[in-house]
Amino acid sequence: MSAAQSNLSIQDEISAAILQVLRDAQSQLNCEIPTSLTLDRPKNRDHGDYATSIALALAKASGLSPRKIAEIIEAGLKAREDIAAVEIAGPGFVNITLAKSSQGGVIANILSAGKTFGHGNKLTGIAINLEFISANPTGPLHLGHTRWAAVGDALGRVLSAAGAKVTREFYINDRGVQMDKFGASLQAAALGQPRPEDGYHGAYIDDLATEIVSINPDILKLTGEEQVFAFRDLGYRLQLAQQQGVLEKFGTHFEVWFSEKSLYDNNFFAHCQEVLKAKGHVFELDGAIWLRTTDFGDDKDRVMVKSDGSMAYFASDSAYYISKRERGFDICIYMLGADHHGYTGRLKALAACNGDDPEYNVDVLIGQMVKIMEGGEEVKLSKRAGTIITLEELVEKVGVDAARYTLIRYPVDTPMVMDVDILRSRTNENPVYYVQYAHARICGVLRNAADIGIKYGAELIYPELLVHERERELIGALGEFPRTVAGAAELREPHRVARYVEELAGVYHRFYSDCRVLPLGDETPSELHSARATLCSATAQVIANGLELLGVSAPEKM
RNA sequence: GCGCCUGUAGCUCAGUCGGAUAGAGCAACCGCCUUCUAAGCGGUAGGCCGCAGGUUCGAUUCCUGCCAGGCGCACCA
């Protein structure tokens with residue numbers, strides 16, 4: 001049975017086979033057999049296509065020498081047709097070289113799966129709430145938000161590819177003192193008065209105030225609080241619409257825009273308080289209502305309702321979490337800025353107070369700061385002062401693809417520096433071009449193939465002809481895509497997809513320079529030309545699928 | 001004081017359950033375009049993987065301590 005028919009990748013088949021061999025040898029090994037193992041791709045190609053160190057790992061428990069265990073594996077795999085050679089190396093590594101013909105399975109899989117190649121079922125049936133950005137609707141989205149706009153969206157795509165049912169959600173902080181300060185700042189700007197000291201000072205406030213007055217001139221006739229509220233509410237609507245528009249253009253789409261204010265509609269908060277109370281972790285002290293999060297490892301208990309009767313921010317956090325769970329989400333992912341990392345403990349404790357498993361139901365990702373350099377100097381960020389780099393400005397400077405790609409290709413827990421000058425340059429200092437160029441290059445080759453009548457496709461794989469070292473590397477790299485996507489989903493690390501796609505692009509470029517795809521001059525078209533063109537089309541598919549997961553375009557021409 | 005994150009090549013950074021000779025791009029130097037996109041490819045050079053212990057057959061990876069940098073520790077939002 002071929003890999004395509006079984007819908008299992010060749011690695012999966014072989015690792016399953018090794019596990020079976022080990023289980024069959026249970027009596028000799030006399031130790032617990034692991035339920036899964038992954039085959040590594042050795043860096044050194046003398047070590048075959050795949051390698052495992054399982055024999056070394058089991059040596060101690062079984063009391064057998066690693067080499068002895070390796071020999072058992074070798075003997076058990078020998079009969080397989082899809083394996084050309086099994087070698088035992090060093091202290092007990094098992095190196096496996098695939099049969100040429102079996103390598104074709106990867107290409108067949110890619111061509112038959114098309115856009116869904118790389119998708120898996122690791123998270124099938126799991127409903128995930130993915131909350132990110134969640135900016136105050138009091139100003140434009142800045143660079144920190146932009147990192148999440150790119151990474152959060154990509155993570156959503158990756159989780160979906162792994163089978164999860166993903167809902168991207170933007171939590172709108174539309175109540176509380178920040179909103180009131182926003183209203184007061186807009187009012188002051190419209191009336192030509194000095195802004196409140198602790199208000200918003202960016203230049204956008206003037207523009208927004210002007211826009212509000214032109215939409216609703218009567219607002220100037222209002223007085224006092226009524227006028228502040230009118231500015232606040234209209235300003236909120238305009239600013240939210242502005243954020244939504246910018247995000248759509250950025251390719252980041254939210255299924256749900258969740259209003260914090262709505263948590264207090266229809267007594268929802270009271271309901272949440274009851275839910276938590278019933279679980280036994282709510283108490284009163286000094287006239288305030290608390291959640292005893294210290295029962296579950298938080299460093300202090302948290303106030304929900306203050307002694308003056310107003311709602312603490314944590315009241316919203318609690319109600320919002322309850323809402324997510326009651327809406328049926330199994331896993332709630334929070335993507336927060338580094339300045340909010342202190343939230344992790346209380347969010348996990350909150351889940352525990354609700355009777356959930358904080359390690360499973362809550363997943364907090366902390367994103368470190370983004371700095372931006374331009375002209376060799378750091379552009380300082382200060383939202384209040386208004387000298388900010390916004391998402392829009394960044395996109396104007398470097399374009400959506402470069403912005404998204406660069407933000408995604410680093411793990412979020414490392415601080416990153418974006419150099420605008422580099423991102424503007426169209427060289428391979430700029431990895432997004434390197435990858436996109438590989439895709440465009442392949443598309444060019446395939447256009448030419450069509451022009452001169454070289455056929456390619458699933459029935460023209462000819463794996464036994466693809467014996468060149470570069471071809472082997474390329475096929476091997478293509479086969480890694482599904483595992484990369486699954487790992488990225490499981491670890492919540494979409495940057496792995498970006499790194500993978502860079503690696504794949506590099507392997508392709510090397511293949512391209514060493515292996516002529518199309519006939520040269522008056523050379524007669526052969527099966528090898530078709531085989532290589534087919535390999536090219538599979539590669540283009542995988543690069544496109546990878547870029548799709550990042551929300552970055554895969555151009556056919558550059 | 002407590003907590004989270006980070007420390008890998010001159011620079012920017014990869015390196016999932018511990019594996020074989022630690023990688024990429026840039027910067028430096030040397031090569032490759034009369035035929036598929038040179039936005040590309042090949043080569044040279046560049047490393048106490050922060051420091052010190054520990055666990056292990058084996059540690060950049062896990063544990064402890066220390067040093068350095070960033071961030072946070074409200075009845076603020």
# chains A, B, ... in the order shown; residues from 1 in each chain; ligands from 1
$ residues_around --residues "G10 in chain B" --least-positions-apart "2" --cutoff "10 Å" --atoms "only C-alpha atoms (C1' of nucleotides)" --output "PDB file with C-alpha atoms (C1' of nucleotides), in the first residue's frame"
ATOM      1  C1'   A B  27      28.752  42.260   6.833  1.00  0.00           C
ATOM      2  C1'   A B  28      34.339  40.408   4.754  1.00  0.00           C
ATOM      3  C1'   G B  46      34.302  33.613  11.558  1.00  0.00           C
TER       4        G B  46
END
$ interface_residues --of "chain A" --to "chain B" --cutoff "6 Å" --atoms "only C-alpha atoms (C1' of nucleotides)" --output "number ranges by chain"
A: 306, 339, 342, 427, 429, 441, 445, 513, 518
$ write_last_selection --atoms "C-alpha atoms" --output "tab-separated table (two decimals), in the first residue's frame"
chain	number	residue	atom	x	y	z
A	306	LYS	CA	-14.56	47.15	44.63
A	339	ASP	CA	3.84	44.15	30.12
A	342	GLY	CA	1.71	39.07	35.34
A	427	THR	CA	17.25	41.66	-1.53
A	429	GLU	CA	18.36	40.24	3.50
A	441	ARG	CA	10.75	31.05	-10.14
A	445	VAL	CA	9.64	27.21	-15.09
A	513	SER	CA	21.04	25.53	-9.95
A	518	LEU	CA	13.61	21.75	-18.96
$ select_by_dssp --residues "range 251-474 of chain A" --states "helix (DSSP H, G or I)" --output "VMD selection string"
chain A and resid 261 to 278 293 to 296 313 to 326 338 to 340 343 to 353 358 to 361 391 to 398 400 to 408 420 to 424 431 to 451 458 to 460 463 to 465 469 to 474
$ residues_around --residues "C30 in chain B" --least-positions-apart "5" --cutoff "12 Å" --atoms "only C-alpha atoms (C1' of nucleotides)" --output "list in words"
G42, G43, U44 and A45 of chain B
$ atom_distance --atom1 "CA of Lys348 in chain A" --atom2 "CA of Asn173 in chain A"
20.8 Å
$ closest_residue --among "B:G18, B:G1, B:C33, B:U8" --to "U55 in chain B" --atoms "only C-alpha atoms (C1' of nucleotides)"
B:G18
$ atom_distance --atom1 "CA of Phe117 in chain A" --atom2 "CA of Ala438 in chain A"
18.6 Å
$ residues_around --residues "range 272-289 of chain A" --least-positions-apart "6" --cutoff "8 Å" --atoms "only C-alpha atoms (C1' of nucleotides)" --output "list in words"
Asp295, Val303, Met304, Val305, Lys306, Ser307, Asp308, Gly309, Ser318, Ala319, Ile322, Cys353, Asn354 and Gly355 of chain A; C75 of chain B
$ atom_distance --atom1 "CA of Glu71 in chain A" --atom2 "CA of Arg41 in chain A"
20.2 Å
$ select_by_dssp --residues "range 25-163 of chain A" --states "strand (DSSP E)" --output "ChimeraX atom specification"
/A:50-52,83-89,93-98,127-131
$ closest_residue --among "A:Gly114, A:Pro415, A:Gly92, A:Pro217" --to "Gly337 in chain A" --atoms "only C-alpha atoms"
A:Pro415
$ residues_around --residues "Arg404 in chain A" --least-positions-apart "6" --cutoff "8 Å" --atoms "only C-alpha atoms (C1' of nucleotides)" --output "list in words"
Arg147, Ala150, Val151, Leu550, Gly551 and Val552 of chain A
$ residues_around --residues "G54 in chain B" --least-positions-apart "5" --cutoff "12 Å" --atoms "only C-alpha atoms (C1' of nucleotides)" --output "PyMOL selection string"
chain B and resi 59+62-65
$ write_last_selection --atoms "C-alpha atoms (C1' of nucleotides)" --output "tab-separated table (two decimals), in the first residue's frame"
chain	number	residue	atom	x	y	z
B	59	A	C1'	23.67	18.73	27.60
B	62	C	C1'	16.87	19.23	31.59
B	63	C	C1'	17.90	20.86	37.15
B	64	U	C1'	20.36	24.34	40.82
B	65	G	C1'	23.14	28.72	41.80
